[in-house]
Amino acid sequence: NTTTQLIAGISGGEKKQRDNNENFEKPLTKIKTTSNKFPNSSQYFEYRSKIINEYRLTQKPNPYPHKFHVDYSIPAFIEKFNYLKSDQSLLNDELISIAGRIHNQRSSGSKLIFYDLQGEGESIQIVARAQDAEYDFTKVHEIFHRGDVVGVKGYPGRTKSGQLSIYPKEIILLSPCLHQLPTPQQGFKDQESRYRQRYLDLIMNKDVREKFIIRTKIINYIRKFLNNLGFLEVETPMMTFIASGATAKPFVTHLADFKRDIFMRIAPELYLKQLVIGGLDRVYEIGRQFRNESIDMTHNPEFTSCEFYMTYNDVYDLMNITENLLSDMVKEIIGKPIIKYQRNYNNNNNNKREESDNRDNDDKDFNDENEIEIDFTPPFKRFDQPINF
């Protein structure tokens, strides 16, 4: 059987196994899966794809079941059952269903297997015991690899070591992972790879998820702030016959029906001003712009911007609006008007930048040294800008 996993455990009799089942302390060994046999990731992909194709043909098991009902997300599971004390479980309650991605596999004998199950930025433990299983324990657990999405039906509980867990009566494969995940020891730290493979970055680095969440909160807050001031959100054309509204090199595309080249917009300015001319006194747009220019870690040829226009106001009114927008937004998202910011070194300070790159993110002393605080409490300091005509 090509899917066989060697489950490395502790030698000993039934008494040893019973002791393990009762204590649930940290497992002593990792499961040696087939992924260990393939140092080359492409070989592992070919092997796993072949196995999954066999499952699709035999349907034993179905590697892509149609649906799995979930009673709780993992964060909701933690919130619901966080009151459980060490060595307490709800074995007499109704079964509950959760799902998530396997990040780590460990064993403490051939009949006790631990999984770290992650979902929505949180993690719990699966404590799979042969004595609880209503299935062929060894055969089912051969199937699972790191990265697989699984569904679990079982009872919540907490181990003696204090780990919130679920004790499965049933565990099924929902979606197999065909590629090798980096090990926790290796991590996924290369910046360019992280930007190119955001999906893997999200799987391996928990803090990245928070950046996505904060970005959404920022856009939602800007929209709410402008709506409360009486602005009307609009959409303007992204493809134009004239590249206007800013000084930038546009992307050129072709409109087949008109048999002519057109431009991806570099700014929505002119269309928004036309709406003001038409009588919409306050308008704004949050949308994508396209500029065919340089690329680096902080500049992208396509980006999201917000432009708003309002009548009967001047630059000082816009200063006040900007102060209120930024200060209130920071307080609503962060909870206070002060944020901490990690300084990035510029090109004139290569030695320090290389030192920063070579240090681990967990080096607290180094991070504290280069961390600054930014206070968004109004009023902001204002400077006169001389203009030469």
# chains A, B, ... in the order shown; residues from 1 in each chain; ligands from 1
$ residues_around --residues "Lys153 of chain A" --least-positions-apart "3" --cutoff "10 Å" --atoms "only C-alpha atoms" --output "PyMOL selection string"
chain A and resi 69-71+94-99+156+166-172
$ write_last_selection --atoms "all heavy atoms" --output "CSV table (one decimal), in the first residue's frame"
chain,number,residue,atom,x,y,z
A,69,HIS,N,-20.8,19.6,7.2
A,69,HIS,CA,-21.5,20.6,8.1
A,69,HIS,C,-20.5,21.0,9.3
A,69,HIS,O,-20.0,20.1,10.0
A,69,HIS,CB,-22.8,20.1,8.6
A,69,HIS,CG,-23.4,21.0,9.6
A,69,HIS,ND1,-24.1,22.2,9.2
A,69,HIS,CD2,-23.5,20.9,11.0
A,69,HIS,CE1,-24.5,22.8,10.3
A,69,HIS,NE2,-24.2,22.1,11.4
A,70,VAL,N,-20.4,22.3,9.5
A,70,VAL,CA,-19.5,22.8,10.6
A,70,VAL,C,-20.4,23.5,11.6
A,70,VAL,O,-21.1,24.4,11.3
A,70,VAL,CB,-18.4,23.7,10.0
A,70,VAL,CG1,-17.7,24.4,11.2
A,70,VAL,CG2,-17.5,23.0,9.1
A,71,ASP,N,-20.3,23.0,12.9
A,71,ASP,CA,-21.1,23.7,13.9
A,71,ASP,C,-20.4,24.9,14.5
A,71,ASP,O,-21.0,25.9,14.8
A,71,ASP,CB,-21.2,22.7,15.1
A,71,ASP,CG,-22.1,21.5,14.7
A,71,ASP,OD1,-23.1,21.7,14.0
A,71,ASP,OD2,-21.8,20.4,15.2
A,94,GLU,N,-23.5,16.2,23.2
A,94,GLU,CA,-23.7,15.9,21.8
A,94,GLU,C,-22.4,16.1,21.0
A,94,GLU,O,-21.6,17.0,21.4
A,94,GLU,CB,-24.8,16.8,21.2
A,94,GLU,CG,-26.2,16.4,21.7
A,94,GLU,CD,-27.2,17.3,21.1
A,94,GLU,OE1,-26.9,18.0,20.1
A,94,GLU,OE2,-28.4,17.2,21.5
A,95,LEU,N,-22.2,15.3,19.9
A,95,LEU,CA,-21.1,15.5,19.0
A,95,LEU,C,-21.2,16.9,18.4
A,95,LEU,O,-22.2,17.4,18.1
A,95,LEU,CB,-21.1,14.5,18.0
A,95,LEU,CG,-20.7,13.0,18.4
A,95,LEU,CD1,-21.0,12.1,17.2
A,95,LEU,CD2,-19.3,12.9,18.8
A,96,ILE,N,-20.0,17.5,18.2
A,96,ILE,CA,-19.9,18.8,17.5
A,96,ILE,C,-19.0,18.6,16.3
A,96,ILE,O,-18.1,17.7,16.3
A,96,ILE,CB,-19.4,19.9,18.4
A,96,ILE,CG1,-18.0,19.7,18.8
A,96,ILE,CG2,-20.4,20.2,19.5
A,96,ILE,CD1,-17.4,20.9,19.5
A,97,SER,N,-19.1,19.5,15.3
A,97,SER,CA,-18.3,19.4,14.1
A,97,SER,C,-17.5,20.6,13.9
A,97,SER,O,-18.1,21.7,14.0
A,97,SER,CB,-19.2,19.1,12.8
A,97,SER,OG,-20.0,17.9,13.0
A,98,ILE,N,-16.2,20.5,13.6
A,98,ILE,CA,-15.4,21.6,13.2
A,98,ILE,C,-14.5,21.2,12.0
A,98,ILE,O,-14.5,20.0,11.7
A,98,ILE,CB,-14.5,22.1,14.4
A,98,ILE,CG1,-13.5,20.9,14.8
A,98,ILE,CG2,-15.3,22.5,15.6
A,98,ILE,CD1,-12.5,21.4,15.8
A,99,ALA,N,-13.8,22.1,11.4
A,99,ALA,CA,-13.0,21.8,10.3
A,99,ALA,C,-11.8,22.8,10.3
A,99,ALA,O,-11.9,23.9,10.8
A,99,ALA,CB,-13.7,21.9,9.0
A,156,PRO,N,-15.5,18.2,22.8
A,156,PRO,CA,-14.5,19.1,23.2
A,156,PRO,C,-13.9,18.7,24.6
A,156,PRO,O,-14.6,18.0,25.4
A,156,PRO,CB,-15.2,20.5,23.3
A,156,PRO,CG,-16.6,20.1,23.6
A,156,PRO,CD,-16.8,18.7,22.9
A,166,ILE,N,-10.1,18.7,20.7
A,166,ILE,CA,-11.3,17.9,20.4
A,166,ILE,C,-10.9,16.5,20.2
A,166,ILE,O,-9.9,16.1,19.7
A,166,ILE,CB,-12.0,18.4,19.1
A,166,ILE,CG1,-13.3,17.7,18.8
A,166,ILE,CG2,-11.0,18.4,17.9
A,166,ILE,CD1,-14.1,18.4,17.7
A,167,TYR,N,-11.8,15.6,20.8
A,167,TYR,CA,-11.5,14.1,20.8
A,167,TYR,C,-12.5,13.5,19.7
A,167,TYR,O,-13.7,13.4,19.9
A,167,TYR,CB,-11.8,13.5,22.1
A,167,TYR,CG,-10.9,14.1,23.2
A,167,TYR,CD1,-11.3,15.2,23.9
A,167,TYR,CD2,-9.7,13.5,23.6
A,167,TYR,CE1,-10.5,15.8,24.9
A,167,TYR,CE2,-8.9,14.0,24.6
A,167,TYR,CZ,-9.3,15.2,25.2
A,167,TYR,OH,-8.5,15.7,26.2
A,168,PRO,N,-11.9,13.1,18.5
A,168,PRO,CA,-12.8,12.8,17.4
A,168,PRO,C,-13.4,11.4,17.5
A,168,PRO,O,-12.7,10.4,17.9
A,168,PRO,CB,-11.8,12.8,16.2
A,168,PRO,CG,-10.5,12.5,16.8
A,168,PRO,CD,-10.5,13.1,18.2
A,169,LYS,N,-14.7,11.3,17.2
A,169,LYS,CA,-15.3,10.1,16.9
A,169,LYS,C,-15.2,9.7,15.4
A,169,LYS,O,-15.2,8.6,15.0
A,169,LYS,CB,-16.8,10.1,17.3
A,169,LYS,CG,-17.1,10.1,18.8
A,169,LYS,CD,-16.8,8.7,19.3
A,169,LYS,CE,-17.2,8.6,20.8
A,169,LYS,NZ,-17.0,7.2,21.3
A,170,GLU,N,-15.1,10.8,14.6
A,170,GLU,CA,-15.0,10.7,13.2
A,170,GLU,C,-14.1,11.8,12.6
A,170,GLU,O,-14.2,12.9,13.1
A,170,GLU,CB,-16.3,10.7,12.5
A,170,GLU,CG,-16.3,10.6,11.0
A,170,GLU,CD,-17.7,10.7,10.3
A,170,GLU,OE1,-18.7,10.9,11.1
A,170,GLU,OE2,-17.8,10.6,9.1
A,171,ILE,N,-13.2,11.5,11.7
A,171,ILE,CA,-12.4,12.5,11.1
A,171,ILE,C,-12.2,12.1,9.6
A,171,ILE,O,-11.9,11.0,9.2
A,171,ILE,CB,-11.0,12.6,11.7
A,171,ILE,CG1,-10.1,13.6,11.0
A,171,ILE,CG2,-10.3,11.2,11.8
A,171,ILE,CD1,-8.8,14.0,11.8
A,172,ILE,N,-12.5,13.1,8.7
A,172,ILE,CA,-12.5,12.8,7.3
A,172,ILE,C,-11.7,13.9,6.5
A,172,ILE,O,-11.6,15.0,7.0
A,172,ILE,CB,-14.0,12.8,6.7
A,172,ILE,CG1,-14.6,14.1,6.8
A,172,ILE,CG2,-14.8,11.7,7.4
A,172,ILE,CD1,-16.0,14.2,6.1
$ residues_around --residues "segment 257-260 of chain A" --least-positions-apart "4" --cutoff "12 Å" --atoms "only C-alpha atoms" --output "MDAnalysis selection string"
chainID A and resid 240:241 252:253
$ residues_around --residues "Val330 of chain A" --least-positions-apart "4" --cutoff "12 Å" --atoms "only C-alpha atoms" --output "list in words"
Ile214, Arg215, Lys217, Ile218, Tyr221, Ile222, Glu323, Asn324, Leu325, Leu326, Ile334, Gly335, Lys336, Pro337, Ile338, Ile339, Lys340, Ile374, Asp375, Phe376, Thr377 and Pro378 of chain A
$ closest_residue --among "A:Asn320, A:Thr183, A:Asn292, A:Ser73" --to "Asn104 of chain A" --atoms "only C-alpha atoms"
A:Thr183
$ select_by_dssp --residues "segment 162-369 of chain A" --states "strand (DSSP E)" --output "JSON, numbers by chain"
{"A": [164, 165, 166, 167, 168, 169, 170, 171, 172, 173, 174, 175, 232, 233, 239, 240, 252, 253, 254, 255, 260, 261, 262, 263, 264, 282, 283, 284, 285, 286, 287, 288, 289, 290, 302, 303, 304, 305, 306, 307, 308, 309, 310, 338, 339, 340, 341, 342]}
$ select_by_dssp --residues "segment 171-228 of chain A" --states "helix (DSSP H, G or I)" --output "ChimeraX atom specification"
/A:191-196,198-204,206-228
$ residues_around --residues "Gln163 of chain A" --least-positions-apart "2" --cutoff "8 Å" --atoms "only C-alpha atoms" --output "list of chain:residue names"
A:Ser86, A:Ile124, A:Gln125, A:Arg158, A:Thr159, A:Lys160, A:Ser161, A:Ser165
$ residues_around --residues "Met310 of chain A" --least-positions-apart "4" --cutoff "9 Å" --atoms "only C-alpha atoms" --output "count of residues only"
7
$ atom_distance --atom1 "atom CA of Pro237 of chain A" --atom2 "atom CA of Phe303 of chain A"
15.6 Å
$ residues_around --residues "segment 200-208 of chain A" --least-positions-apart "3" --cutoff "10 Å" --atoms "only C-alpha atoms" --output "short mmCIF file (atom, residue, chain, number, x, y, z; two decimals) with N, CA, C and O atoms, in the first residue's frame"
data_model
loop_
_atom_site.label_atom_id
_atom_site.label_comp_id
_atom_site.auth_asym_id
_atom_site.auth_seq_id
_atom_site.Cartn_x
_atom_site.Cartn_y
_atom_site.Cartn_z
N ARG A 101 -7.24 23.20 8.87
CA ARG A 101 -6.06 22.67 8.17
C ARG A 101 -5.07 22.09 9.16
O ARG A 101 -4.75 22.71 10.18
N HIS A 103 -1.60 21.36 10.60
CA HIS A 103 -0.28 21.99 10.50
C HIS A 103 0.82 21.09 11.03
O HIS A 103 1.94 21.14 10.54
N GLN A 118 -5.65 24.27 12.44
CA GLN A 118 -5.72 25.73 12.37
C GLN A 118 -6.82 26.19 11.43
O GLN A 118 -7.13 25.54 10.44
N GLY A 119 -7.38 27.34 11.78
CA GLY A 119 -8.41 27.95 10.94
C GLY A 119 -8.73 29.35 11.42
O GLY A 119 -8.81 29.60 12.64
N GLU A 120 -8.84 30.28 10.49
CA GLU A 120 -9.18 31.67 10.79
C GLU A 120 -8.23 32.27 11.81
O GLU A 120 -8.62 33.05 12.70
N GLY A 121 -6.95 31.92 11.70
CA GLY A 121 -5.93 32.51 12.55
C GLY A 121 -5.79 31.91 13.92
O GLY A 121 -4.96 32.37 14.72
N GLU A 122 -6.58 30.89 14.26
CA GLU A 122 -6.51 30.26 15.57
C GLU A 122 -6.18 28.78 15.43
O GLU A 122 -6.26 28.21 14.33
N GLY A 147 -0.99 20.02 5.96
CA GLY A 147 -1.59 20.87 4.94
C GLY A 147 -2.98 20.45 4.52
O GLY A 147 -3.71 21.25 3.92
N LEU A 181 4.30 21.50 2.75
CA LEU A 181 4.42 22.75 3.49
C LEU A 181 5.81 22.85 4.09
O LEU A 181 6.41 21.84 4.47
N PRO A 182 6.36 24.06 4.19
CA PRO A 182 7.62 24.21 4.94
C PRO A 182 7.41 23.74 6.37
O PRO A 182 6.32 23.88 6.94
N THR A 183 8.43 23.17 6.96
CA THR A 183 8.33 22.72 8.34
C THR A 183 8.32 23.93 9.27
O THR A 183 8.78 25.02 8.90
N PRO A 184 7.79 23.78 10.49
CA PRO A 184 7.83 24.89 11.44
C PRO A 184 9.25 25.38 11.71
O PRO A 184 9.47 26.56 11.97
N GLY A 187 10.17 27.43 8.49
CA GLY A 187 9.38 28.63 8.35
C GLY A 187 9.25 29.05 6.90
O GLY A 187 9.71 28.37 5.97
N PHE A 188 8.64 30.19 6.69
CA PHE A 188 8.47 30.76 5.35
C PHE A 188 8.78 32.24 5.47
O PHE A 188 7.89 33.06 5.70
N LYS A 189 10.07 32.61 5.30
CA LYS A 189 10.54 33.93 5.66
C LYS A 189 11.06 34.75 4.49
O LYS A 189 11.20 35.97 4.61
N ASP A 190 11.37 34.11 3.37
CA ASP A 190 11.92 34.86 2.24
C ASP A 190 10.88 35.87 1.75
O ASP A 190 9.76 35.50 1.37
N GLN A 191 11.25 37.15 1.74
CA GLN A 191 10.27 38.21 1.47
C GLN A 191 9.69 38.12 0.06
O GLN A 191 8.48 38.27 -0.14
N SER A 193 9.45 35.47 -1.90
CA SER A 193 8.56 34.30 -2.00
C SER A 193 7.24 34.55 -1.30
O SER A 193 6.18 34.14 -1.77
N ARG A 194 7.29 35.24 -0.18
CA ARG A 194 6.06 35.53 0.56
C ARG A 194 5.13 36.42 -0.25
O ARG A 194 3.92 36.22 -0.26
N TYR A 195 5.68 37.40 -0.96
CA TYR A 195 4.85 38.29 -1.77
C TYR A 195 4.29 37.57 -2.98
O TYR A 195 3.18 37.86 -3.43
N ARG A 196 5.04 36.63 -3.53
CA ARG A 196 4.58 35.93 -4.73
C ARG A 196 3.61 34.80 -4.40
O ARG A 196 2.80 34.39 -5.24
N GLN A 197 3.69 34.27 -3.19
CA GLN A 197 2.83 33.16 -2.77
C GLN A 197 2.08 33.55 -1.51
O GLN A 197 2.31 33.02 -0.43
N LYS A 211 -2.92 41.69 8.79
CA LYS A 211 -2.72 42.78 7.83
C LYS A 211 -3.87 42.85 6.84
O LYS A 211 -4.33 43.94 6.48
N PHE A 212 -4.33 41.71 6.38
CA PHE A 212 -5.48 41.68 5.48
C PHE A 212 -6.72 42.24 6.18
O PHE A 212 -7.51 42.99 5.58
N ILE A 213 -6.91 41.86 7.43
CA ILE A 213 -8.08 42.31 8.18
C ILE A 213 -8.04 43.82 8.39
O ILE A 213 -9.04 44.52 8.21
#
$ atom_distance --atom1 "atom CA of Ala130 of chain A" --atom2 "atom CA of Asn92 of chain A"
17.9 Å
$ closest_residue --among "A:Phe144, A:Tyr316, A:Tyr55, A:Tyr155" --to "Asp93 of chain A" --atoms "only C-alpha atoms"
A:Tyr155
$ closest_residue --among "A:Glu371, A:Asp148, A:Glu54, A:Glu192" --to "Pro176 of chain A" --atoms "only C-alpha atoms"
A:Asp148
$ atom_distance --atom1 "atom CA of Leu112 of chain A" --atom2 "atom CA of Leu91 of chain A"
17.2 Å
